[in-house]
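What follows is the content of model26.pdb (PDB, C-alpha atoms and all ligand atoms).
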ATOM      1  CA  MET A 991       0.000   0.000   0.000  1.00  0.00           C
ATOM      2  CA  LYS A 992       1.335   3.421  -0.911  1.00  0.00           C
ATOM      3  CA  LEU A 993       0.216   6.824   0.318  1.00  0.00           C
ATOM      4  CA  LEU A 994       0.765   9.816  -1.951  1.00  0.00           C
ATOM      5  CA  GLY A 995       1.043  12.969   0.123  1.00  0.00           C
ATOM      6  CA  SER A 996       3.059  15.697   1.704  1.00  0.00           C
ATOM      7  CA  PRO A 997       4.003  16.259   5.352  1.00  0.00           C
ATOM      8  CA  GLY A 998       2.416  19.708   5.187  1.00  0.00           C
ATOM      9  CA  SER A 999      -1.138  18.505   4.479  1.00  0.00           C
ATOM     10  CA  PRO A1000      -3.493  17.978   7.437  1.00  0.00           C
ATOM     11  CA  TYR A1001      -5.674  15.581   5.408  1.00  0.00           C
ATOM     12  CA  VAL A1002      -2.592  13.472   4.708  1.00  0.00           C
ATOM     13  CA  ARG A1003      -1.603  13.599   8.382  1.00  0.00           C
ATOM     14  CA  LYS A1004      -5.037  12.285   9.403  1.00  0.00           C
ATOM     15  CA  VAL A1005      -4.559   9.279   7.106  1.00  0.00           C
ATOM     16  CA  ARG A1006      -0.957   8.645   8.198  1.00  0.00           C
ATOM     17  CA  ILE A1007      -2.034   8.626  11.850  1.00  0.00           C
ATOM     18  CA  MET A1008      -4.861   6.170  11.075  1.00  0.00           C
ATOM     19  CA  LEU A1009      -2.391   3.868   9.303  1.00  0.00           C
ATOM     20  CA  MET A1010       0.040   3.999  12.228  1.00  0.00           C
ATOM     21  CA  GLU A1011      -2.596   3.579  14.943  1.00  0.00           C
ATOM     22  CA  LYS A1012      -3.839   0.479  13.123  1.00  0.00           C
ATOM     23  CA  GLY A1013      -0.333  -0.842  12.480  1.00  0.00           C
ATOM     24  CA  ILE A1014      -0.787  -1.002   8.715  1.00  0.00           C
ATOM     25  CA  PRO A1015       2.524  -0.960   6.831  1.00  0.00           C
ATOM     26  CA  PHE A1016       2.685   1.558   3.979  1.00  0.00           C
ATOM     27  CA  ALA A1017       5.117   3.381   1.738  1.00  0.00           C
ATOM     28  CA  PHE A1018       4.963   7.172   1.663  1.00  0.00           C
ATOM     29  CA  GLN A1019       5.541   8.963  -1.627  1.00  0.00           C
ATOM     30  CA  ARG A1020       6.059  12.694  -1.298  1.00  0.00           C
ATOM     31  CA  ILE A1021       4.149  14.692  -3.866  1.00  0.00           C
ATOM     32  CA  ASP A1022       5.077  18.188  -4.994  1.00  0.00           C
ATOM     33  CA  LEU A1023       1.722  19.739  -5.874  1.00  0.00           C
ATOM     34  CA  LEU A1024       3.458  22.195  -8.207  1.00  0.00           C
ATOM     35  CA  ASP A1025       5.000  19.381 -10.256  1.00  0.00           C
ATOM     36  CA  SER A1026       2.552  18.376 -12.992  1.00  0.00           C
ATOM     37  CA  ALA A1027       4.700  15.308 -13.735  1.00  0.00           C
ATOM     38  CA  SER A1028       4.419  13.914 -10.192  1.00  0.00           C
ATOM     39  CA  GLY A1029       1.973  11.198 -11.296  1.00  0.00           C
ATOM     40  CA  LEU A1030      -0.684  12.413  -8.876  1.00  0.00           C
ATOM     41  CA  SER A1031      -3.349  13.108 -11.475  1.00  0.00           C
ATOM     42  CA  GLU A1032      -3.049   9.539 -12.775  1.00  0.00           C
ATOM     43  CA  ALA A1033      -3.981   8.393  -9.261  1.00  0.00           C
ATOM     44  CA  ASN A1034      -6.502  11.134  -8.483  1.00  0.00           C
ATOM     45  CA  PRO A1035      -8.072  13.116 -11.339  1.00  0.00           C
ATOM     46  CA  LEU A1036      -8.756  15.937  -8.872  1.00  0.00           C
ATOM     47  CA  GLY A1037      -5.006  16.338  -8.363  1.00  0.00           C
ATOM     48  CA  LYS A1038      -5.337  16.336  -4.585  1.00  0.00           C
ATOM     49  CA  ILE A1039      -3.519  14.614  -1.752  1.00  0.00           C
ATOM     50  CA  PRO A1040      -3.936  12.247  -0.028  1.00  0.00           C
ATOM     51  CA  ALA A1041      -4.399   9.416  -2.501  1.00  0.00           C
ATOM     52  CA  LEU A1042      -3.922   5.827  -1.397  1.00  0.00           C
ATOM     53  CA  ILE A1043      -2.718   3.210  -3.860  1.00  0.00           C
ATOM     54  CA  ARG A1044      -4.151  -0.066  -2.649  1.00  0.00           C
ATOM     55  CA  ASP A1045      -2.363  -3.414  -2.950  1.00  0.00           C
ATOM     56  CA  ASN A1046      -4.518  -4.174  -6.027  1.00  0.00           C
ATOM     57  CA  GLY A1047      -3.022  -1.066  -7.681  1.00  0.00           C
ATOM     58  CA  LYS A1048      -6.244   0.934  -7.554  1.00  0.00           C
ATOM     59  CA  ALA A1049      -6.244   4.405  -6.056  1.00  0.00           C
ATOM     60  CA  LEU A1050      -8.563   5.724  -3.379  1.00  0.00           C
ATOM     61  CA  TYR A1051      -9.404   9.306  -2.342  1.00  0.00           C
ATOM     62  CA  ASP A1052     -10.350  11.559  -0.555  1.00  0.00           C
ATOM     63  CA  SER A1053      -9.141  11.329   3.039  1.00  0.00           C
ATOM     64  CA  SER A1054     -12.584  10.546   4.416  1.00  0.00           C
ATOM     65  CA  VAL A1055     -13.033   7.633   1.997  1.00  0.00           C
ATOM     66  CA  ILE A1056      -9.520   6.391   2.754  1.00  0.00           C
ATOM     67  CA  VAL A1057     -10.014   6.307   6.546  1.00  0.00           C
ATOM     68  CA  ASP A1058     -13.287   4.370   6.128  1.00  0.00           C
ATOM     69  CA  TYR A1059     -11.475   1.846   3.960  1.00  0.00           C
ATOM     70  CA  LEU A1060      -8.574   1.466   6.408  1.00  0.00           C
ATOM     71  CA  ASP A1061     -10.833   0.987   9.405  1.00  0.00           C
ATOM     72  CA  ALA A1062     -12.732  -1.793   7.652  1.00  0.00           C
ATOM     73  CA  LEU A1063      -9.552  -3.363   6.246  1.00  0.00           C
ATOM     74  CA  VAL A1064      -7.925  -3.849   9.660  1.00  0.00           C
ATOM     75  CA  PRO A1065     -10.654  -3.940  12.309  1.00  0.00           C
ATOM     76  CA  ALA A1066      -8.507  -3.424  15.437  1.00  0.00           C
ATOM     77  CA  PRO A1067      -8.321  -0.967  16.983  1.00  0.00           C
ATOM     78  CA  ARG A1068     -11.750   0.118  15.806  1.00  0.00           C
ATOM     79  CA  LEU A1069     -11.566   3.856  15.106  1.00  0.00           C
ATOM     80  CA  ILE A1070     -14.956   4.266  13.382  1.00  0.00           C
ATOM     81  CA  PRO A1071     -17.765   2.439  15.189  1.00  0.00           C
ATOM     82  CA  ASP A1072     -20.010  -0.033  13.349  1.00  0.00           C
ATOM     83  CA  GLU A1073     -23.259   0.949  15.027  1.00  0.00           C
ATOM     84  CA  LEU A1074     -25.172   3.400  12.831  1.00  0.00           C
ATOM     85  CA  GLU A1075     -25.677   6.320  15.226  1.00  0.00           C
ATOM     86  CA  ALA A1076     -22.211   6.051  16.786  1.00  0.00           C
ATOM     87  CA  ARG A1077     -20.670   5.912  13.335  1.00  0.00           C
ATOM     88  CA  ALA A1078     -22.623   8.993  12.232  1.00  0.00           C
ATOM     89  CA  GLU A1079     -21.398  10.905  15.313  1.00  0.00           C
ATOM     90  CA  VAL A1080     -17.747  10.064  14.687  1.00  0.00           C
ATOM     91  CA  LYS A1081     -18.068  10.986  10.993  1.00  0.00           C
ATOM     92  CA  ARG A1082     -19.753  14.261  12.006  1.00  0.00           C
ATOM     93  CA  TRP A1083     -16.742  15.097  14.213  1.00  0.00           C
ATOM     94  CA  GLU A1084     -14.522  14.327  11.236  1.00  0.00           C
ATOM     95  CA  ALA A1085     -16.629  16.634   9.044  1.00  0.00           C
ATOM     96  CA  VAL A1086     -16.278  19.521  11.511  1.00  0.00           C
ATOM     97  CA  ALA A1087     -12.522  18.977  11.791  1.00  0.00           C
ATOM     98  CA  ASP A1088     -12.141  18.710   8.003  1.00  0.00           C
ATOM     99  CA  GLY A1089     -14.192  21.895   7.636  1.00  0.00           C
ATOM    100  CA  ILE A1090     -11.863  23.713  10.005  1.00  0.00           C
ATOM    101  CA  MET A1091      -8.926  22.464   7.919  1.00  0.00           C
ATOM    102  CA  ASP A1092     -10.657  23.689   4.720  1.00  0.00           C
ATOM    103  CA  ALA A1093     -11.259  27.144   6.232  1.00  0.00           C
ATOM    104  CA  THR A1094      -7.699  27.324   7.559  1.00  0.00           C
ATOM    105  CA  VAL A1095      -6.341  26.438   4.112  1.00  0.00           C
ATOM    106  CA  ALA A1096      -8.590  29.071   2.485  1.00  0.00           C
ATOM    107  CA  ILE A1097      -7.611  31.867   4.873  1.00  0.00           C
ATOM    108  CA  SER A1098      -3.913  31.078   4.941  1.00  0.00           C
ATOM    109  CA  HIS A1099      -3.755  30.959   1.143  1.00  0.00           C
ATOM    110  CA  ASP A1100      -5.552  34.324   0.933  1.00  0.00           C
ATOM    111  CA  TYR A1101      -3.183  35.620   3.558  1.00  0.00           C
ATOM    112  CA  ILE A1102      -0.158  34.608   1.498  1.00  0.00           C
ATOM    113  CA  LEU A1103      -1.701  36.012  -1.690  1.00  0.00           C
ATOM    114  CA  SER A1104      -2.593  39.322  -0.078  1.00  0.00           C
ATOM    115  CA  ASP A1105       0.984  39.580   1.149  1.00  0.00           C
ATOM    116  CA  VAL A1106       2.396  38.754  -2.278  1.00  0.00           C
ATOM    117  CA  GLU A1107       0.122  41.339  -3.850  1.00  0.00           C
ATOM    118  CA  GLY A1108       1.147  43.942  -1.293  1.00  0.00           C
ATOM    119  CA  GLY A1109      -2.363  44.084   0.120  1.00  0.00           C
ATOM    120  CA  GLY A1110      -1.229  43.807   3.742  1.00  0.00           C
ATOM    121  CA  LEU A1111      -1.780  41.036   6.240  1.00  0.00           C
ATOM    122  CA  ALA A1112      -5.283  41.862   7.403  1.00  0.00           C
ATOM    123  CA  TRP A1113      -7.801  38.999   7.684  1.00  0.00           C
ATOM    124  CA  SER A1114      -9.416  38.751   4.296  1.00  0.00           C
ATOM    125  CA  ASN A1115     -12.116  36.203   4.880  1.00  0.00           C
ATOM    126  CA  ALA A1116     -14.476  36.672   7.798  1.00  0.00           C
ATOM    127  CA  ASN A1117     -16.774  33.966   6.497  1.00  0.00           C
ATOM    128  CA  GLN A1118     -14.038  31.318   6.758  1.00  0.00           C
ATOM    129  CA  ARG A1119     -13.004  32.607  10.171  1.00  0.00           C
ATOM    130  CA  ARG A1120     -16.563  32.209  11.397  1.00  0.00           C
ATOM    131  CA  LYS A1121     -16.517  28.527  10.391  1.00  0.00           C
ATOM    132  CA  ILE A1122     -13.366  28.056  12.462  1.00  0.00           C
ATOM    133  CA  ASP A1123     -14.764  29.862  15.502  1.00  0.00           C
ATOM    134  CA  LEU A1124     -18.085  28.005  15.428  1.00  0.00           C
ATOM    135  CA  GLY A1125     -16.341  24.678  14.792  1.00  0.00           C
ATOM    136  CA  LEU A1126     -14.039  25.235  17.768  1.00  0.00           C
ATOM    137  CA  ALA A1127     -16.965  26.203  20.003  1.00  0.00           C
ATOM    138  CA  LEU A1128     -18.865  23.078  18.990  1.00  0.00           C
ATOM    139  CA  MET A1129     -15.905  20.780  19.612  1.00  0.00           C
ATOM    140  CA  GLU A1130     -15.113  22.384  22.994  1.00  0.00           C
ATOM    141  CA  GLY A1131     -18.754  22.131  24.095  1.00  0.00           C
ATOM    142  CA  GLU A1132     -19.262  18.543  22.965  1.00  0.00           C
ATOM    143  CA  LEU A1133     -15.968  17.343  24.416  1.00  0.00           C
ATOM    144  CA  GLY A1134     -16.970  18.849  27.763  1.00  0.00           C
ATOM    145  CA  ALA A1135     -15.685  16.823  30.691  1.00  0.00           C
ATOM    146  CA  ARG A1136     -15.099  13.680  28.612  1.00  0.00           C
ATOM    147  CA  ASP A1137     -11.698  12.229  27.824  1.00  0.00           C
ATOM    148  CA  TRP A1138     -12.609  11.468  24.193  1.00  0.00           C
ATOM    149  CA  CYS A1139     -14.639  13.210  21.516  1.00  0.00           C
ATOM    150  CA  HIS A1140     -16.973  10.254  21.173  1.00  0.00           C
ATOM    151  CA  ALA A1141     -17.868   7.687  23.852  1.00  0.00           C
ATOM    152  CA  ASN A1142     -15.137   6.147  26.000  1.00  0.00           C
ATOM    153  CA  ALA A1143     -12.340   5.366  23.593  1.00  0.00           C
ATOM    154  CA  MET A1144     -10.122   7.039  21.050  1.00  0.00           C
ATOM    155  CA  SER A1145     -11.650   7.244  17.586  1.00  0.00           C
ATOM    156  CA  LEU A1146     -11.248   8.968  14.260  1.00  0.00           C
ATOM    157  CA  ALA A1147     -13.074  11.909  15.901  1.00  0.00           C
ATOM    158  CA  ASP A1148     -10.106  12.565  18.239  1.00  0.00           C
ATOM    159  CA  ILE A1149      -7.571  12.124  15.447  1.00  0.00           C
ATOM    160  CA  ALA A1150      -9.327  14.508  13.037  1.00  0.00           C
ATOM    161  CA  CYS A1151     -10.037  17.071  15.761  1.00  0.00           C
ATOM    162  CA  VAL A1152      -6.435  17.273  16.976  1.00  0.00           C
ATOM    163  CA  VAL A1153      -5.016  17.260  13.433  1.00  0.00           C
ATOM    164  CA  SER A1154      -7.172  20.323  12.668  1.00  0.00           C
ATOM    165  CA  LEU A1155      -5.919  22.092  15.823  1.00  0.00           C
ATOM    166  CA  ALA A1156      -2.287  21.302  15.043  1.00  0.00           C
ATOM    167  CA  TYR A1157      -2.717  22.533  11.492  1.00  0.00           C
ATOM    168  CA  MET A1158      -4.008  25.873  12.783  1.00  0.00           C
ATOM    169  CA  ASP A1159      -0.903  26.202  14.962  1.00  0.00           C
ATOM    170  CA  ARG A1160       1.203  25.978  11.824  1.00  0.00           C
ATOM    171  CA  ALA A1161      -0.865  27.697   9.144  1.00  0.00           C
ATOM    172  CA  LEU A1162      -2.874  30.223  11.134  1.00  0.00           C
ATOM    173  CA  PRO A1163      -1.362  30.751  14.589  1.00  0.00           C
ATOM    174  CA  ALA A1164      -3.186  34.091  14.983  1.00  0.00           C
ATOM    175  CA  VAL A1165      -6.397  32.138  15.631  1.00  0.00           C
ATOM    176  CA  ASN A1166      -4.867  31.280  19.015  1.00  0.00           C
ATOM    177  CA  TRP A1167      -7.351  28.420  19.437  1.00  0.00           C
ATOM    178  CA  ARG A1168      -6.059  27.523  22.922  1.00  0.00           C
ATOM    179  CA  LYS A1169      -7.630  30.685  24.310  1.00  0.00           C
ATOM    180  CA  GLY A1170     -11.076  29.812  25.642  1.00  0.00           C
ATOM    181  CA  HIS A1171     -10.818  26.109  24.757  1.00  0.00           C
ATOM    182  CA  PRO A1172      -9.264  24.358  27.780  1.00  0.00           C
ATOM    183  CA  LYS A1173     -10.875  20.975  27.026  1.00  0.00           C
ATOM    184  CA  LEU A1174      -9.504  20.921  23.489  1.00  0.00           C
ATOM    185  CA  ARG A1175      -6.104  21.927  24.874  1.00  0.00           C
ATOM    186  CA  GLY A1176      -6.133  18.902  27.187  1.00  0.00           C
ATOM    187  CA  LEU A1177      -7.109  16.538  24.379  1.00  0.00           C
ATOM    188  CA  PHE A1178      -4.480  18.074  22.099  1.00  0.00           C
ATOM    189  CA  ASP A1179      -1.691  17.543  24.654  1.00  0.00           C
ATOM    190  CA  ARG A1180      -2.651  13.907  25.221  1.00  0.00           C
ATOM    191  CA  MET A1181      -3.024  13.071  21.530  1.00  0.00           C
ATOM    192  CA  GLU A1182       0.138  14.864  20.397  1.00  0.00           C
ATOM    193  CA  ALA A1183       2.083  12.721  22.921  1.00  0.00           C
ATOM    194  CA  ARG A1184       1.146   9.539  21.016  1.00  0.00           C
ATOM    195  CA  ASP A1185       3.781   7.916  18.810  1.00  0.00           C
ATOM    196  CA  SER A1186       1.622   8.287  15.677  1.00  0.00           C
ATOM    197  CA  PHE A1187       1.338  12.053  16.201  1.00  0.00           C
ATOM    198  CA  LYS A1188       5.002  12.495  17.117  1.00  0.00           C
ATOM    199  CA  ALA A1189       6.006  10.578  13.963  1.00  0.00           C
ATOM    200  CA  THR A1190       4.007  12.895  11.680  1.00  0.00           C
ATOM    201  CA  PRO A1191       5.091  16.464  12.419  1.00  0.00           C
ATOM    202  CA  HIS A1192       3.756  19.114  10.069  1.00  0.00           C
ATOM    203  CA  SER A1193       6.394  20.655   7.884  1.00  0.00           C
ATOM    204  CA  MET A1194       6.336  23.427   5.327  1.00  0.00           C
ATOM    205  CA  GLU A1195       7.714  21.140   2.598  1.00  0.00           C
TER     206      GLU A1195
HETATM  207  N1  LIG A1201     -11.343  16.883   0.970  1.00  0.00           N
HETATM  208  C1  LIG A1201     -10.017  16.480   0.569  1.00  0.00           C
HETATM  209  C2  LIG A1201      -9.092  17.688   0.644  1.00  0.00           C
HETATM  210  C3  LIG A1201      -7.708  17.370   0.110  1.00  0.00           C
HETATM  211  C4  LIG A1201      -6.945  18.646  -0.221  1.00  0.00           C
HETATM  212  O1  LIG A1201      -7.523  19.710  -0.463  1.00  0.00           O
HETATM  213  N2  LIG A1201      -5.601  18.534  -0.262  1.00  0.00           N
HETATM  214  C5  LIG A1201      -4.793  19.662  -0.645  1.00  0.00           C
HETATM  215  C6  LIG A1201      -3.464  19.653   0.094  1.00  0.00           C
HETATM  216  S1  LIG A1201      -3.666  20.114   1.798  1.00  0.00           S
HETATM  217  C7  LIG A1201      -4.482  19.544  -2.120  1.00  0.00           C
HETATM  218  O2  LIG A1201      -4.153  18.484  -2.590  1.00  0.00           O
HETATM  219  N3  LIG A1201      -4.583  20.657  -2.865  1.00  0.00           N
HETATM  220  C8  LIG A1201      -4.248  20.691  -4.265  1.00  0.00           C
HETATM  221  C9  LIG A1201      -5.386  21.178  -5.100  1.00  0.00           C
HETATM  222  O3  LIG A1201      -6.467  21.484  -4.573  1.00  0.00           O
HETATM  223  O4  LIG A1201      -5.174  21.260  -6.313  1.00  0.00           O
HETATM  224  C10 LIG A1201      -9.538  15.344   1.470  1.00  0.00           C
HETATM  225  O5  LIG A1201     -10.068  15.224   2.597  1.00  0.00           O
HETATM  226  O6  LIG A1201      -8.692  14.534   1.073  1.00  0.00           O
END

Full structure transcribed into structure tokens:
Amino acid sequence: MKLLGSPGSPYVRKVRIMLMEKGIPFAFQRIDLLDSASGLSEANPLGKIPALIRDNGKALYDSSVIVDYLDALVPAPRLIPDELEARAEVKRWEAVADGIMDATVAISHDYILSDVEGGGLAWSNANQRRKIDLGLALMEGELGARDWCHANAMSLADIACVVSLAYMDRALPAVNWRKGHPKLRGLFDRMEARDSFKATPHSME
């Protein structure tokens, strides 16, 4: 199995952590998104990372589809519950976390562009920022006094949530998400101490 990705992508990090938590061996092929000859578009017509090349040679994308596949492929530890309502809850957490990643990507790209164009470093996208703020408030409120985002064990919900927080630290530190979110801070510190998180630091490459 081969994962096409880059250490800078939060969606790729989510998948790498799933693979490591489940003990699935994989090769990692770094993709330069600016290189049209990287082979990525043969794997994923959308030209996005992550893409997973399965052992049968077929590619799978996007990250949400890949994590579903991995959890079913190797059942232990179960990171997406089987039961319908529990599964829907964990996937909803993933959707909120992915949405925060999407908004962070959108703002930070605008931020870079506005700098390049000499337009200053002011926030350019209040609509995206609102998604981040409301997403953080929802996650903080739902986590509450619990140890885990869903039920009594680690799941994809915890992985996606903490990956989105870590990505903000790198791409949009001005959000300062720790302020006013003590429960998320506690979860973040515990999750980032795991081997799978320590082995997948974000980088600007
Ligand atoms: N919803 C997708 C998002 C993937 C995504 O946007 N990846 C970015 C890198 S962080 C990318 O490949 N961007 C290149 C492009 O959009 O052309 C997923 O969860 O896999």

Could you give me the residues within 8 Å of ligand LIG 1201 (chain A), counting only C-alpha atoms and all ligand atoms, as a list in words?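 Using only C-alpha atoms and all ligand atoms, everything at most 8 Å from ligand LIG 1201 (chain A) comes to Ser996, Gly998, Ser999, Pro1000, Tyr1001, Val1002, Leu1023, Leu1036, Gly1037, Lys1038, Ile1039, Pro1040, Ala1041, Tyr1051, Asp1052, Ser1053, Ser1054, Asp1088, Asp1092 and Val1095 of chain A.
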
Any chance you could resolve the PyMOL selection byres (((chain A and resi 1161-1166) around 10) and not hetatm) against this file and give the residues as a list in words?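 Evaluating the PyMOL selection byres (((chain A and resi 1161-1166) around 10) and not hetatm) on this file yields Gly998, Met1091, Thr1094, Val1095, Ile1097, Ser1098, His1099, Tyr1101, Trp1113, Arg1119, Ile1122, Asp1123, Leu1155, Ala1156, Tyr1157, Met1158, Asp1159, Arg1160, Trp1167, Arg1168, Lys1169, Gly1170, His1171, His1192 and Met1194 of chain A.
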
For A:Leu994, which residue among A:Ile1014, A:Ile1043, A:Ala1189, A:Ala1135 is the nearest when counting only C-alpha atoms? A:Ile1043

Please measure the separation of atom CA of A:Ala1076 and atom CA of A:Ser1186, giving the value in Å to one decimal.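 About the pair atom CA of A:Ala1076 and atom CA of A:Ser1186: they are 24.0 Å apart.
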
Run the PyMOL selection byres (((chain A and resi 1145) around 10) and not hetatm) against the file shown and list the residues it catches, as a VMD selection string. chain A and resid 1008 1067 to 1071 1080 to 1081 1083 to 1084 1138 to 1144 1146 to 1150

Taking into account all atoms listed in the file, which residue in the set A:Ile1021, A:Arg1006, A:Phe1016, A:Leu993 is nearest to A:Leu1050?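 Checking each of A:Ile1021, A:Arg1006, A:Phe1016, A:Leu993 against A:Leu1050, counting all atoms listed in the file, the winner is A:Leu993.
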
In Å, rounded to a single decimal, give me how far atom CA of A:Leu1042 is from atom CA of A:Ile1056.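 Atom-to-atom, atom CA of A:Ile1056 to atom CA of A:Leu1042, that is 7.0 Å.
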
Between A:Glu1011, A:Ser1193, A:Val1153, A:Ser1028, which one has atoms that come closest to A:Asp1179, using all atoms listed in the file?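 Under the stated criterion, the closest residue is A:Val1153.
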
Completion step: stretch 1135-1143 of chain A with all heavy atoms as a PDB file, in the frame of the given file:
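Once written, out-v3.pdb looks like this:
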ATOM      1  N   ALA A1135     -16.533  17.432  29.655  1.00  0.00           N
ATOM      2  CA  ALA A1135     -15.685  16.823  30.691  1.00  0.00           C
ATOM      3  C   ALA A1135     -15.194  15.444  30.280  1.00  0.00           C
ATOM      4  O   ALA A1135     -14.547  14.750  31.067  1.00  0.00           O
ATOM      5  CB  ALA A1135     -16.474  16.731  31.989  1.00  0.00           C
ATOM      6  N   ARG A1136     -15.493  15.035  29.036  1.00  0.00           N
ATOM      7  CA  ARG A1136     -15.099  13.680  28.612  1.00  0.00           C
ATOM      8  C   ARG A1136     -13.619  13.627  28.247  1.00  0.00           C
ATOM      9  O   ARG A1136     -13.001  14.634  27.935  1.00  0.00           O
ATOM     10  CB  ARG A1136     -15.925  13.258  27.397  1.00  0.00           C
ATOM     11  CG  ARG A1136     -17.406  13.079  27.695  1.00  0.00           C
ATOM     12  CD  ARG A1136     -18.017  12.163  26.631  1.00  0.00           C
ATOM     13  NE  ARG A1136     -17.654  12.562  25.290  1.00  0.00           N
ATOM     14  CZ  ARG A1136     -18.500  13.139  24.422  1.00  0.00           C
ATOM     15  NH1 ARG A1136     -19.736  13.371  24.792  1.00  0.00           N
ATOM     16  NH2 ARG A1136     -18.113  13.461  23.225  1.00  0.00           N
ATOM     17  N   ASP A1137     -13.093  12.408  28.241  1.00  0.00           N
ATOM     18  CA  ASP A1137     -11.698  12.229  27.824  1.00  0.00           C
ATOM     19  C   ASP A1137     -11.589  12.162  26.307  1.00  0.00           C
ATOM     20  O   ASP A1137     -10.546  12.479  25.745  1.00  0.00           O
ATOM     21  CB  ASP A1137     -11.140  10.911  28.390  1.00  0.00           C
ATOM     22  CG  ASP A1137     -10.814  11.036  29.867  1.00  0.00           C
ATOM     23  OD1 ASP A1137     -10.684  12.174  30.348  1.00  0.00           O
ATOM     24  OD2 ASP A1137     -10.705   9.984  30.531  1.00  0.00           O
ATOM     25  N   TRP A1138     -12.659  11.706  25.645  1.00  0.00           N
ATOM     26  CA  TRP A1138     -12.609  11.468  24.193  1.00  0.00           C
ATOM     27  C   TRP A1138     -13.773  12.175  23.506  1.00  0.00           C
ATOM     28  O   TRP A1138     -14.825  12.380  24.115  1.00  0.00           O
ATOM     29  CB  TRP A1138     -12.688   9.959  23.895  1.00  0.00           C
ATOM     30  CG  TRP A1138     -11.633   9.159  24.587  1.00  0.00           C
ATOM     31  CD1 TRP A1138     -11.788   8.353  25.676  1.00  0.00           C
ATOM     32  CD2 TRP A1138     -10.229   9.119  24.268  1.00  0.00           C
ATOM     33  NE1 TRP A1138     -10.588   7.801  26.052  1.00  0.00           N
ATOM     34  CE2 TRP A1138      -9.608   8.258  25.198  1.00  0.00           C
ATOM     35  CE3 TRP A1138      -9.432   9.712  23.283  1.00  0.00           C
ATOM     36  CZ2 TRP A1138      -8.245   7.980  25.172  1.00  0.00           C
ATOM     37  CZ3 TRP A1138      -8.075   9.429  23.265  1.00  0.00           C
ATOM     38  CH2 TRP A1138      -7.497   8.578  24.196  1.00  0.00           C
ATOM     39  N   CYS A1139     -13.592  12.487  22.244  1.00  0.00           N
ATOM     40  CA  CYS A1139     -14.639  13.210  21.516  1.00  0.00           C
ATOM     41  C   CYS A1139     -15.925  12.399  21.434  1.00  0.00           C
ATOM     42  O   CYS A1139     -17.024  12.933  21.525  1.00  0.00           O
ATOM     43  CB  CYS A1139     -14.171  13.530  20.093  1.00  0.00           C
ATOM     44  SG  CYS A1139     -12.729  14.605  20.041  1.00  0.00           S
ATOM     45  N   HIS A1140     -15.776  11.100  21.245  1.00  0.00           N
ATOM     46  CA  HIS A1140     -16.973  10.254  21.173  1.00  0.00           C
ATOM     47  C   HIS A1140     -16.818   9.056  22.109  1.00  0.00           C
ATOM     48  O   HIS A1140     -15.804   8.354  22.047  1.00  0.00           O
ATOM     49  CB  HIS A1140     -17.207   9.753  19.740  1.00  0.00           C
ATOM     50  CG  HIS A1140     -18.374   8.819  19.654  1.00  0.00           C
ATOM     51  ND1 HIS A1140     -19.676   9.260  19.720  1.00  0.00           N
ATOM     52  CD2 HIS A1140     -18.429   7.475  19.577  1.00  0.00           C
ATOM     53  CE1 HIS A1140     -20.476   8.228  19.664  1.00  0.00           C
ATOM     54  NE2 HIS A1140     -19.756   7.126  19.582  1.00  0.00           N
ATOM     55  N   ALA A1141     -17.816   8.847  22.957  1.00  0.00           N
ATOM     56  CA  ALA A1141     -17.868   7.687  23.852  1.00  0.00           C
ATOM     57  C   ALA A1141     -16.620   7.577  24.724  1.00  0.00           C
ATOM     58  O   ALA A1141     -16.032   8.593  25.087  1.00  0.00           O
ATOM     59  CB  ALA A1141     -18.134   6.416  23.054  1.00  0.00           C
ATOM     60  N   ASN A1142     -16.194   6.338  24.992  1.00  0.00           N
ATOM     61  CA  ASN A1142     -15.137   6.147  26.000  1.00  0.00           C
ATOM     62  C   ASN A1142     -13.831   5.619  25.443  1.00  0.00           C
ATOM     63  O   ASN A1142     -13.060   4.986  26.163  1.00  0.00           O
ATOM     64  CB  ASN A1142     -15.637   5.157  27.073  1.00  0.00           C
ATOM     65  CG  ASN A1142     -16.872   5.693  27.763  1.00  0.00           C
ATOM     66  OD1 ASN A1142     -16.942   6.884  28.075  1.00  0.00           O
ATOM     67  ND2 ASN A1142     -17.865   4.838  27.957  1.00  0.00           N
ATOM     68  N   ALA A1143     -13.593   5.852  24.175  1.00  0.00           N
ATOM     69  CA  ALA A1143     -12.340   5.366  23.593  1.00  0.00           C
ATOM     70  C   ALA A1143     -11.904   6.293  22.473  1.00  0.00           C
ATOM     71  O   ALA A1143     -12.721   7.038  21.921  1.00  0.00           O
ATOM     72  CB  ALA A1143     -12.548   3.953  23.044  1.00  0.00           C
TER      73      ALA A1143
END
